[in-house]
Amino acid sequence: MHSFHYSNGSLHCEGVSIADLAEKHGTPLYVYSSETFRDRYTRLDDAFSAIDHEVAYAVKANSNLSVLRLLAGLGSGFDIVSGGELFRVLKAGGDPGKCTFAGVGKTREEIEYALREGIYSINVESEEEAAFISQVAGELNLVAPIAFRVNPNVDAKTHKYISTGKSENKFGIDFEFIADAYERASKLPNLNLKGLQMHIGSQLTSVSPFVEAVEKVAPLAADLKEKYGIEFFSIGGGIGIVYEEALASGSESWWINQPEETRPLTPEQYAAAIIPTLEPLGLKILLEPGRFIAGNAGILVSKCLYEKKGTTKTFKIVDSGMHQLIRPALYEGFHEIVPVTESAGAVESVDVVGPICESGDFFCQNRQVSSFMPGELIALMSAGAYGMVMASTYNSHPLPAEILVEGEQAKVVRKRQTLQDLVEAEEV
Ligand SMILES: *Cc1c(COP(=O)(O)O)cnc(C)c1O
């Protein structure tokens with residue numbers, strides 16, 4: 001299933017022409033496909049239908065209110081990492097009773113907000129935090145539902161900046177200390193030990209680190225269920241997606257032609273590999289996918305402004321950059337770059353760069369891409385996750401608009417910022 005495709009030589013999102021959207025709304029422009037969000041959510045949910053489970057979408061991947069509304073409508077829960085994300089979920093009509101709250105640095109205000117709204121669980125990342133949550137809950141005359149996040153010390157084999165399950169990472173409580181942490185927390189007055197959580201990293205393209213982590217932690221989950229009656233085990237997110245050849249990968253023939261060992265991880269494989277270990281636990285299994293649901297549901301559309309030929313390189317300078325899609329600069333993220341109007345097949349080796357005054361402001365370097373010229377539109381594929389949510393106004397560029405497509409309909413789900421918006425909160 002792929003919602004971005006060429007039709008009569010022109011890139012479309014579902015039934016809507018990208019060139020038409022750019023004409024009407026300008027560039028840079030994020031464009032999302034409702035169909036892809038729905039497909040990914042449903043596929044993962046279905047893959048786990050054999051066991052008691054819930055999909056809690058990781059809001060940080062793409063937190064647009066309309067995206068959250070769409071997912072809430074499918075019955076999704078939400079994994080949040082701040083009070084701001086809880087606010088968004090509530091605004092979008094999400095159920096706080098299906099929210100889990102992760103993160104190493106929750107403030108008093110955030111903890112109070114989450115408890116007052118009745119969220120499902122606060123996922124706690126240190127014993128100090130557990131003690132503080134018990135104190136805050138006591139002051140509110142409430143009992144806080146919590147889970148500890150265990151750091152299982154397994155290698156997720158992903159980029160070091162998005163690996164979270166090794167003991168040198170700041171996340172969770174070391175596997176060796178976790179049993180004692182539960183024991184001490186069980187004596188705190190205002191806590192309800194409700195579950196156990198882990199999340200080993202992001203953009204995992206092989207199932208083996210997941211299997212290793214689940215097999216290592218499952219006996220602990222069984223133990224905690226017996227001792228404290230925990231009801232859920234959250235195995236986190238992290239399922240990787242196809243970035244290279246993202247456009248082609250929508251067609252059946254592409255999948256079949258890939259060598260087996262390089263085919264991307266599917267939800268079905270993921271489920272089949274870990275359900276046998278999870279099922280005997282008799283716990284509710286929480287899944288926290290972000291990238292898997294949102295990544296290939298969006299693109300960033302940009303216009304080429306100039307071509308500059310240097311002694312060693314050709315630079316294509318475009319009207320978007322690291323300020324609007326930081327993944328290449330931040331963790332060497334790859335985005336396929338395609339022309340919006342299908343080209344005749346000429347390719348050239350180029351650096352595609354943005355307008356920002358930083359040498360790290362590039363989308364690719366020395367890459368063979370289909371030729372495009374100044375005035376032409378390009379699409380950065382797979383930009384639905386960790387794209388707009390990380391956008392800034394660095395160099396005082398207004399934030400781009402966001403469009404959500406549904407069949408033949410396109411809706412502006414975030415207006416383009418104006419120059420006035422940029423300075424609205426400031427005073428002279
Ligand atoms: C970021 C995060 C996720 C989602 O990760 P993806 O790689 O986008 O699936 C899930 N759980 C927690 C706790 C996270 O911090």
# chains A, B, ... in the order shown; residues from 1 in each chain; ligands from 1

$ residues_near_ligand --ligand "ligand 1" --cutoff "6 Å" --atoms "only C-alpha atoms and all ligand atoms" --output "PyMOL selection string"
chain A and resi 58+61+102+199+202-203+236-239+288-292

$ write_last_selection --atoms "all heavy atoms" --output "compact mmCIF listing (two decimals), in the first residue's frame"
# COMPACT_ATOMS: atom_id res chain seq x y z
N ALA A 58 3.17 7.04 19.52
CA ALA A 58 4.14 7.96 20.13
C ALA A 58 3.96 9.34 19.51
O ALA A 58 4.41 9.61 18.39
CB ALA A 58 5.56 7.45 19.94
N ALA A 61 6.38 11.78 17.32
CA ALA A 61 6.75 11.58 15.91
C ALA A 61 6.03 12.57 15.00
O ALA A 61 6.62 13.07 14.03
CB ALA A 61 6.42 10.15 15.47
N ALA A 102 5.89 9.14 29.26
CA ALA A 102 7.30 8.74 29.37
C ALA A 102 8.19 9.97 29.48
O ALA A 102 7.72 11.10 29.39
CB ALA A 102 7.69 7.94 28.13
N HIS A 199 11.88 0.56 26.04
CA HIS A 199 11.94 1.09 24.67
C HIS A 199 13.41 1.15 24.32
O HIS A 199 14.14 1.95 24.91
CB HIS A 199 11.29 2.48 24.60
CG HIS A 199 11.48 3.17 23.28
ND1 HIS A 199 10.91 2.73 22.12
CD2 HIS A 199 12.21 4.27 22.95
CE1 HIS A 199 11.28 3.54 21.12
NE2 HIS A 199 12.07 4.47 21.60
N SER A 202 15.14 3.48 18.17
CA SER A 202 14.27 3.84 17.06
C SER A 202 14.89 3.41 15.74
O SER A 202 16.10 3.24 15.64
CB SER A 202 14.07 5.36 17.08
OG SER A 202 12.97 5.73 16.31
N GLN A 203 14.02 3.23 14.74
CA GLN A 203 14.46 2.84 13.39
C GLN A 203 15.25 1.52 13.44
O GLN A 203 16.33 1.39 12.87
CB GLN A 203 15.25 3.99 12.73
CG GLN A 203 15.69 3.77 11.27
CD GLN A 203 14.55 3.39 10.33
OE1 GLN A 203 13.38 3.54 10.65
NE2 GLN A 203 14.85 2.87 9.16
N GLY A 236 7.44 -0.76 24.06
CA GLY A 236 7.99 0.41 23.39
C GLY A 236 7.69 0.44 21.90
O GLY A 236 6.86 -0.32 21.39
N GLY A 237 8.39 1.35 21.22
CA GLY A 237 8.22 1.48 19.76
C GLY A 237 9.49 1.07 19.07
O GLY A 237 10.15 0.14 19.51
N GLY A 238 9.82 1.75 17.99
CA GLY A 238 11.12 1.53 17.36
C GLY A 238 11.12 0.78 16.05
O GLY A 238 12.17 0.64 15.43
N ILE A 239 9.96 0.28 15.62
CA ILE A 239 9.94 -0.47 14.35
C ILE A 239 10.40 0.47 13.22
O ILE A 239 9.87 1.56 13.06
CB ILE A 239 8.53 -0.98 14.00
CG1 ILE A 239 7.93 -1.76 15.16
CG2 ILE A 239 8.57 -1.86 12.74
CD1 ILE A 239 6.48 -2.12 14.93
N GLU A 288 4.24 1.07 21.31
CA GLU A 288 4.36 2.53 21.23
C GLU A 288 5.03 2.98 19.94
O GLU A 288 6.07 3.62 19.96
CB GLU A 288 5.19 3.05 22.42
CG GLU A 288 4.66 2.70 23.78
CD GLU A 288 5.68 2.97 24.90
OE1 GLU A 288 6.82 3.36 24.59
OE2 GLU A 288 5.32 2.79 26.06
N PRO A 289 4.44 2.67 18.79
CA PRO A 289 5.08 3.04 17.53
C PRO A 289 4.88 4.52 17.21
O PRO A 289 3.80 5.07 17.42
CB PRO A 289 4.32 2.19 16.50
CG PRO A 289 2.94 2.10 17.09
CD PRO A 289 3.13 2.03 18.59
N GLY A 290 5.93 5.17 16.74
CA GLY A 290 5.80 6.54 16.25
C GLY A 290 6.12 6.55 14.77
O GLY A 290 5.25 6.69 13.91
N ARG A 291 7.40 6.35 14.48
CA ARG A 291 7.89 6.37 13.11
C ARG A 291 7.13 5.39 12.19
O ARG A 291 6.81 5.72 11.06
CB ARG A 291 9.37 6.01 13.09
CG ARG A 291 10.05 6.20 11.75
CD ARG A 291 11.46 5.62 11.78
NE ARG A 291 12.21 6.03 12.95
CZ ARG A 291 12.92 7.15 13.04
NH1 ARG A 291 13.00 7.95 12.02
NH2 ARG A 291 13.56 7.46 14.15
N PHE A 292 6.85 4.19 12.71
CA PHE A 292 6.21 3.19 11.86
C PHE A 292 4.86 3.69 11.33
O PHE A 292 4.49 3.44 10.19
CB PHE A 292 6.01 1.86 12.62
CG PHE A 292 5.26 0.84 11.81
CD1 PHE A 292 5.88 0.19 10.75
CD2 PHE A 292 3.92 0.58 12.07
CE1 PHE A 292 5.17 -0.72 9.96
CE2 PHE A 292 3.21 -0.32 11.29
CZ PHE A 292 3.83 -0.98 10.24

$ residues_around --residues "Ala218 of chain A" --least-positions-apart "2" --cutoff "9 Å" --atoms "only C-alpha atoms" --output "ChimeraX atom specification"
/A:213-216,220-223,233,277-278,281

$ select_by_dssp --residues "segment 101-316 of chain A" --states "helix (DSSP H, G or I)" --output "PyMOL selection string"
chain A and resi 108-117+127-139+160-162+175-185+208-228+248-250+252-257+260-262+267-281+291-297

$ residues_around --residues "Gly201 of chain A" --least-positions-apart "3" --cutoff "7 Å" --atoms "only C-alpha atoms" --output "PDB file with C-alpha atoms, in the first residue's frame"
ATOM      1  CA  ALA A 156      19.413  -1.906  19.109  1.00  0.00           C
ATOM      2  CA  ILE A 162      18.472   7.040  18.568  1.00  0.00           C
ATOM      3  CA  SER A 163      19.625   4.052  20.605  1.00  0.00           C
ATOM      4  CA  THR A 164      18.053   4.117  24.074  1.00  0.00           C
ATOM      5  CA  GLY A 165      18.332   0.631  25.578  1.00  0.00           C
ATOM      6  CA  GLY A 238      11.120   1.526  17.362  1.00  0.00           C
TER       7      GLY A 238
END

$ residues_around --residues "Thr107 of chain A" --least-positions-apart "5" --cutoff "10 Å" --atoms "only C-alpha atoms" --output "list in words"
Ser82, Gly83, Glu112, Tyr113, Glu129, Phe132 and Ile133 of chain A

$ residues_around --residues "segment 180-192 of chain A" --least-positions-apart "6" --cutoff "7 Å" --atoms "only C-alpha atoms" --output "list of chain:residue names"
A:Glu127, A:Ala130, A:Ser134, A:Ala137, A:Gly138, A:Leu142, A:Val143, A:Ala144, A:Pro145, A:Ile146

$ residues_around --residues "segment 326-336 of chain A" --least-positions-apart "2" --cutoff "9 Å" --atoms "only C-alpha atoms" --output "list in words"
His159, Lys160, Tyr161, Ile162, Tyr243, Glu244, Glu245, Ala246, Leu247, Gly321, Met322, His323, Gln324, Val338, Gly360, Asp361, Phe362, Phe363, Cys364, Val369, Ala379, Leu380, Met381, Ser382, Ala383, Tyr386, Gly387, Met390 and Ala391 of chain A

$ residues_around --residues "Phe171 of chain A" --least-positions-apart "5" --cutoff "8 Å" --atoms "only C-alpha atoms" --output "PDB file with N, CA, C and O atoms, in the first residue's frame"
ATOM      1  N   GLY A 103       9.483   9.740  29.670  1.00  0.00           N
ATOM      2  CA  GLY A 103      10.455  10.841  29.672  1.00  0.00           C
ATOM      3  C   GLY A 103      11.217  10.939  30.976  1.00  0.00           C
ATOM      4  O   GLY A 103      10.662  10.705  32.045  1.00  0.00           O
ATOM      5  N   VAL A 104      12.490  11.314  30.882  1.00  0.00           N
ATOM      6  CA  VAL A 104      13.353  11.314  32.080  1.00  0.00           C
ATOM      7  C   VAL A 104      13.195  12.557  32.946  1.00  0.00           C
ATOM      8  O   VAL A 104      13.625  12.566  34.087  1.00  0.00           O
ATOM      9  N   GLU A 125      11.328   6.904  35.162  1.00  0.00           N
ATOM     10  CA  GLU A 125      12.673   6.584  34.679  1.00  0.00           C
ATOM     11  C   GLU A 125      13.749   6.630  35.752  1.00  0.00           C
ATOM     12  O   GLU A 125      14.933   6.459  35.452  1.00  0.00           O
ATOM     13  N   ARG A 149      10.436   2.172  33.756  1.00  0.00           N
ATOM     14  CA  ARG A 149      11.056   1.844  32.479  1.00  0.00           C
ATOM     15  C   ARG A 149      12.363   1.115  32.760  1.00  0.00           C
ATOM     16  O   ARG A 149      13.239   1.665  33.443  1.00  0.00           O
ATOM     17  N   ASN A 151      15.873  -0.491  31.583  1.00  0.00           N
ATOM     18  CA  ASN A 151      16.876  -0.406  30.527  1.00  0.00           C
ATOM     19  C   ASN A 151      17.527  -1.789  30.416  1.00  0.00           C
ATOM     20  O   ASN A 151      18.305  -2.184  31.272  1.00  0.00           O
ATOM     21  N   THR A 164      18.451   3.700  22.722  1.00  0.00           N
ATOM     22  CA  THR A 164      18.053   4.117  24.074  1.00  0.00           C
ATOM     23  C   THR A 164      18.120   2.994  25.096  1.00  0.00           C
ATOM     24  O   THR A 164      17.848   3.211  26.268  1.00  0.00           O
ATOM     25  N   GLY A 165      18.445   1.778  24.667  1.00  0.00           N
ATOM     26  CA  GLY A 165      18.332   0.631  25.578  1.00  0.00           C
ATOM     27  C   GLY A 165      19.658   0.055  26.028  1.00  0.00           C
ATOM     28  O   GLY A 165      19.741  -1.106  26.406  1.00  0.00           O
TER      29      GLY A 165
END

$ select_by_dssp --residues "segment 273-359 of chain A" --states "strand (DSSP E)" --output "PyMOL selection string"
chain A and resi 284-287+298-309+314-318+337-339+347-353

$ write_last_selection --atoms "C-alpha atoms" --output "PDB file, in the first residue's frame"
ATOM      1  CA  LYS A 284      -1.808  -6.428  28.447  1.00  0.00           C
ATOM      2  CA  ILE A 285       0.904  -5.655  25.885  1.00  0.00           C
ATOM      3  CA  LEU A 286       1.370  -2.002  24.956  1.00  0.00           C
ATOM      4  CA  LEU A 287       3.012  -1.003  21.668  1.00  0.00           C
ATOM      5  CA  GLY A 298       4.222  12.328   4.898  1.00  0.00           C
ATOM      6  CA  ILE A 299       6.477  14.191   2.498  1.00  0.00           C
ATOM      7  CA  LEU A 300       8.089  17.609   2.508  1.00  0.00           C
ATOM      8  CA  VAL A 301       7.631  19.504  -0.745  1.00  0.00           C
ATOM      9  CA  SER A 302      10.268  22.079  -1.627  1.00  0.00           C
ATOM     10  CA  LYS A 303      11.150  24.235  -4.619  1.00  0.00           C
ATOM     11  CA  CYS A 304      14.565  24.455  -6.228  1.00  0.00           C
ATOM     12  CA  LEU A 305      15.796  28.063  -6.188  1.00  0.00           C
ATOM     13  CA  TYR A 306      19.264  27.905  -7.724  1.00  0.00           C
ATOM     14  CA  GLU A 307      21.817  25.588  -9.146  1.00  0.00           C
ATOM     15  CA  LYS A 308      25.433  26.364  -8.301  1.00  0.00           C
ATOM     16  CA  LYS A 309      28.329  24.550  -9.891  1.00  0.00           C
ATOM     17  CA  THR A 314      26.925  20.726  -8.026  1.00  0.00           C
ATOM     18  CA  PHE A 315      24.692  22.274  -5.384  1.00  0.00           C
ATOM     19  CA  LYS A 316      20.942  22.375  -5.796  1.00  0.00           C
ATOM     20  CA  ILE A 317      19.718  25.072  -3.440  1.00  0.00           C
ATOM     21  CA  VAL A 318      16.122  24.567  -2.346  1.00  0.00           C
ATOM     22  CA  ILE A 337      14.511  12.955  -3.074  1.00  0.00           C
ATOM     23  CA  VAL A 338      12.290  12.814  -6.132  1.00  0.00           C
ATOM     24  CA  PRO A 339      11.080  15.438  -8.616  1.00  0.00           C
ATOM     25  CA  VAL A 347      20.370  11.525 -13.059  1.00  0.00           C
ATOM     26  CA  GLU A 348      23.203  13.588 -11.663  1.00  0.00           C
ATOM     27  CA  SER A 349      25.385  13.619  -8.573  1.00  0.00           C
ATOM     28  CA  VAL A 350      24.432  16.597  -6.405  1.00  0.00           C
ATOM     29  CA  ASP A 351      24.287  18.111  -2.942  1.00  0.00           C
ATOM     30  CA  VAL A 352      20.741  19.238  -2.167  1.00  0.00           C
ATOM     31  CA  VAL A 353      21.076  22.058   0.346  1.00  0.00           C
TER      32      VAL A 353
END

$ atom_distance --atom1 "atom CA of Leu44 of chain A" --atom2 "atom CA of Leu70 of chain A"
15.8 Å

$ closest_residue --among "A:Ala22, A:Ile119, A:Ala297, A:Ala92" --to "Asp39 of chain A" --atoms "only C-alpha atoms"
A:Ala297

$ closest_residue --among "A:Thr418, A:Ser17, A:Gln197, A:Thr27" --to "Glu376 of chain A" --atoms "only C-alpha atoms"
A:Thr27

$ closest_residue --among "A:Ala272, A:Ile230, A:Leu325, A:Leu419" --to "Gly354 of chain A" --atoms "only C-alpha atoms"
A:Leu325

$ atom_distance --atom1 "atom CA of Val59 of chain A" --atom2 "atom CA of Asp46 of chain A"
20.4 Å

$ atom_distance --atom1 "atom CA of Ser34 of chain A" --atom2 "atom CA of Gln417 of chain A"
23.0 Å

$ closest_residue --among "A:Asp95, A:Asp421, A:Glu85, A:Glu279" --to "Asp52 of chain A" --atoms "only C-alpha atoms"
A:Glu279

$ closest_residue --among "A:Ala271, A:Val136, A:Val405, A:Leu196" --to "Phe4 of chain A" --atoms "only C-alpha atoms"
A:Val405
